[in-house]
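S.K.: Take this structure, written in C-alpha cells, and hold onto it; I'll ask about it next.
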Amino acid sequence: MNYTKLGNFEAICLIVVLFINHIVLNLPQMILDNSGTSSILNCIYIFILGLIFTILIVKLLKKFSGLDIIDISEYVGGKFLKVLIGILCIVYLIMETAFLTRMFSKNLLLLYFNNYPIAFFLFIFLFIAVVANFIGRKSIIKTNTIIIPIALISVALTFIFVVDLFKFEHTLPLFANGADKIFLYGASNIFAFNGLFFLFFISPLLNKKEDTSKVAYISVVICGILLILAIATLVFAFSDIYYISRLSPIYFIIVNSKLSGFLERPELIFIFIWALALMSFISIAIMFCINIFRKLTNMEEKNSKPLAITFSCFIFVVALIIDNVFELEKVANAFYKYGTLALVFVIFTIILILANIKKKKL
Amino acid sequence: MKRTFKARKIFAIFIIVLLLIISSSNYYGIKGIDNLAYVVAIGLDVGDNENLNLSLQISLPNSSGSSSNDSSQSASVVVNSIECPSINTGITLFNSYLGKEVNLSHCKVLVVSEELAGEGIEEYLYTLINDVQFRSDSNIIVSKCDAKTYLEYSAPVLDKVSARYYEIAPTSSEYTGYTESITCNEFLSAMTYTSAEPVAVLGSINSSETQKLPSESSNHDSYYTAGQTPISGEAGVENMGLAVFKDDKFVGELNGLESICHLIISNKLKNAQIRIPSPIENLDYIDLYIETEKQAKSSVYITNSTPYIKSKINVNAKMQSMNRNIDLNDEAITSKIEKSANAFLEEKIYNYLYKTSKELNADIDQFGLYALKYFYTQDEWENYNWLHHYKDAFFDVEVNVNLRSSYLLVDTSE
C-alpha cells in the first residue's frame, strides 16, 4: 500500500497532536478531580507508567517492523480480527474527534459566539479537515509539524505567566484524597498518553523503521513533561480554585495571569493556536480513518479521497448526538478514559503479546 | 487531468463564495458599540423591597474623546440602579430600560456595600464568575457607604476615562501599602480555601462628614480607614484599609497600618511609609520608607491542636525625616532608630495578628498553608479544621529593620 513517508519529527508531532488537544481542554481537570493536591505526584507516577508501557510496546513491536496494528491483528486472528480491530480503531477515532470538536466548539460558543448554532462551528472545523484530506496527506503532516511546536510552546508558556503566584505549600496535603487515589485508581490516568494510539500505526509510515523506538520515547517524554508542567502550574498557582473552574484549566490560567495586565484579551491568541491544533488533529484523524478503511477493503488510493466526506459526516453526527452539555461532558470524559484504556492499553497490548507468542512458536 | 483541474477550480470558487457569504452575513446580528451599554463598575446593596439593589456605572460612548471640561463624572459615565431579586434579573431589567444590551466585559470593579457583605456575598460572586462577560480579574471593594453612592462619587479626578481610573487606582497600594489590590478571582480562591480567609479592598466616600479622627490617629496617618482621611478637596471615593471576611461574610476592617502589617506578613508589600517614635533628639517622630528585604519566613507548629505561629521578618528602611544635627554616619544613631523601628513594627504586627486571630477569627495571611505539612490527607486536614483552630493561635514575631540609607542628606551636624 502506498503511504506518505514520515520523518522522525513529523511522527513525533503526529503522536503529540492528540495529547495537545486534550491538555488544552479537560485533561488537567480530570486528573485534578481525581488526585487534588497530589496531582503532581500522580502525574509523575503515570509518566513512569507511560514510559514502562512504551518500553513494553516498543519491545513487542520490534519483531513486526513495518507492520501496523491492523496487519498484526490479521497475523494473530486472521481477517476477522483485522476487520474487528479496524472497525474499533475507526470508531475510536470518530468518537474521539467528535467529542473533542464538540467540546472545543461548545467553549468557543460559550465565550465568544453566544448566538451562533454549534453545528456552524462543527461544520467549519470538519470542512477544513475535508479540504485538507482532499489536498493531500503530505500537506496535513507538514502543517501539523508547524502547528504542534507552536501549541506546545503556548502550553509551556502558561507556566511562566503565573510563576509569581507559585506556592509550594499548595501541593500539601501530600496524599490529598489518599495514597490509593494516586497509585491505585490514579493509575488509570495513564489514559493521558492516548497519543500512543498512533504509535501502533506509525511503523510502516516511518522513513527509517528502526527509529520507531526513538519516536515513541521522545513523544512520551514530551507528553509527560508537558503534563507535569501543566498540572504543576495549576496546583502551585491556584490550589483549590480548580474545583470551581469547569471550562479549560489552561484557559483559566491565561485569563488570570499577569499577561492580561498588558494585553486586554491574551487568551484569544491561545485559543486561535488551539483551534489550529484541533483542525490539524481532525484532519489527521480522518486521514487515519481513510487509511484503515482502505486496508480493510483493499480500496485504491485514488478512490479513497471522498471517504473524507463520509467520515466527517459521521463525526458531525456523533458530535451532535448528545444535546445536554452536562451529559456530554460525562460521556466524553468516560470515553476519553475508558475507551483509551480499553483499546490502546489493553486490546492492542494483548494483540501484540499474542502476536509475539505466535511468532515464537513458529 | 483536465477534469481534475476543472473540479479543483469549482471547489476553490465554492470555498471563496462560502467564505464571502459567512463574512458578510449579518444574520446572527453582530453587535457593535451602538448596541451595547458598557458597564465599568457594578454596585451591590441590600434592597428595600427586593433582595438586592443593583447599580451599574455605565460608560457613555465617545466620552474619552470629549472636550477638556468634560472630565467630571457626569460627562463620562452614568450610574443607574434597580431593585431586583438577583443580579441576572436586574441586568435583564436594565436591558429593557436602557434599550441597549448591558455588557460586562469591560467591568473593572465590583463594589459591595458593608451591609450586604455582612450578610454574605457568595451567591452573587459565584453568579458573576459564572457570567462569561464578567472578568474575574475585576477588583472587589467593600464600601462603607452604599455601593450606589460609592459609584456616584467615584469621579476620576486625574483621569478622564472611568475604566482606566479603576485600573490604575488599585495600584496605589504598591507605593502606600494602605490597601491591597484584590481581584474577584483572588477573593474567590481564598474563600474556597480550607486554609485561608479572604479580604477585599475597603472603600468609602470622603467628605467633611465622614472625616472622624480615630482616637490613636494623632501623628499617624496610617491609622485611618476608608473615608476618614482628613483630605480637603473635591469629594471623591477613598480606598484605604482592608475588609476582612470569614467565609463570605464581612467581619471587620483593617486600617492603613494594619494593612501594611498584613502585606508584610503575607509577602506582598512592595513599598510603604511608617511613622515611628524617634529615639533621637531633634525629631519627635521619624518617617521611614520601608520595603521587605526578603520574604517573611513563617512557620507553624501544632501543639495539643493549638497553632503556634512564628514569623521572621526582614525590612529595609530609608530615612525620610531629617532635621538639623543628625548624623546618620554615626552607628549608634542608626542602631537606635533600627531598635525603635523593630519595637514599633513588632508591636503593631503582634496587635494585628491577635486582632485577626482573637477578634476576627480569620486567617487572612494563609498561615494554614504552613500547617498543611502535618497532615497527609485532605480528610485529616479537614477533620482538624484549621480555620476553627486559628482563634486559639499564639504568635511569635521577630522583626529586623535594616536602616540602609537616607535620601539626599546624611549628615546635618554643625
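Chain lettering (A, B, ...) mirrors the order of the C-alpha cells, residue numbering begins at 1 for each chain separately, and ligand numbering begins at 1 in order of display.
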Per residue of chain A within 7 Å of chain B, record the nearest atom pair and its distance in Å to one decimal, counting only C-alpha atoms, with rows in chain order and ascending residue number, as a Markdown table.

M.R.:
| residue | atom | partner | partner_atom | distance |
| --- | --- | --- | --- | --- |
| A:Leu111 | CA | B:Val132 | CA | 5.9 |
| A:Asn115 | CA | B:Tyr28 | CA | 6.4 |
| A:Tyr116 | CA | B:Tyr28 | CA | 6.7 |
| A:Glu169 | CA | B:Leu369 | CA | 5.7 |
| A:Leu172 | CA | B:Leu372 | CA | 5.7 |
| A:Pro173 | CA | B:Tyr376 | CA | 4.9 |
| A:Leu174 | CA | B:Tyr376 | CA | 5.5 |
| A:Phe175 | CA | B:Thr377 | CA | 5.1 |
| A:Ala176 | CA | B:Thr377 | CA | 4.4 |
| A:Asn177 | CA | B:Gln378 | CA | 5.7 |
| A:Gly178 | CA | B:Thr377 | CA | 5.8 |
| A:Asp240 | CA | B:Tyr193 | CA | 5.9 |
| A:Ile241 | CA | B:Ser189 | CA | 5.3 |
| A:Asn256 | CA | B:Asp137 | CA | 6.6 |

S.K.: Those same residues, written as a compact mmCIF listing (two decimals), in the first residue's frame with C-alpha atoms?

M.R.:
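Output contents, as saved in part.txt:
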# COMPACT_ATOMS: atom_id res chain seq x y z
CA LEU A 111 -17.07 32.51 25.40
CA ASN A 115 -25.89 33.35 19.33
CA TYR A 116 -24.31 31.03 16.80
CA GLU A 169 2.62 24.56 50.07
CA LEU A 172 0.00 19.71 50.52
CA PRO A 173 -1.52 17.52 51.95
CA LEU A 174 0.85 15.28 50.08
CA PHE A 175 -1.55 12.37 49.60
CA ALA A 176 -4.71 14.53 49.19
CA ASN A 177 -7.53 12.01 48.76
CA GLY A 178 -5.40 9.08 49.91
CA ASP A 240 -8.35 24.73 45.46
CA ILE A 241 -9.65 27.09 42.76
CA ASN A 256 -5.77 35.06 35.40

S.K.: Using DSSP on the backbone, list every residue of segment 120-364 of chain B that comes out as alpha helix (DSSP H), and give them as a PyMOL selection string.

M.R.: chain B and resi 122-130+147-153+162-168+173-176+184-192+256-265+331-354

S.K.: For a test of reading the model, state the distance in Å between atom CA of Val221 of chain A and atom CA of Tyr45 of chain A, rounded to one decimal.

M.R.: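 Calculated distance between atom CA of Val221 of chain A and atom CA of Tyr45 of chain A is 13.1 Å.
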
S.K.: Between atom CA of Ile10 of chain B and atom CA of Met299 of chain A, measure the distance and give it in Å to one decimal.

M.R.: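 Going from atom CA of Ile10 of chain B over to atom CA of Met299 of chain A covers 26.1 Å.
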
S.K.: Counting only C-alpha atoms, which of A:Cys43, A:Ala129, A:Cys289, A:Ala232 gets nearest to Phe168 of chain A?

M.R.: A:Ala232
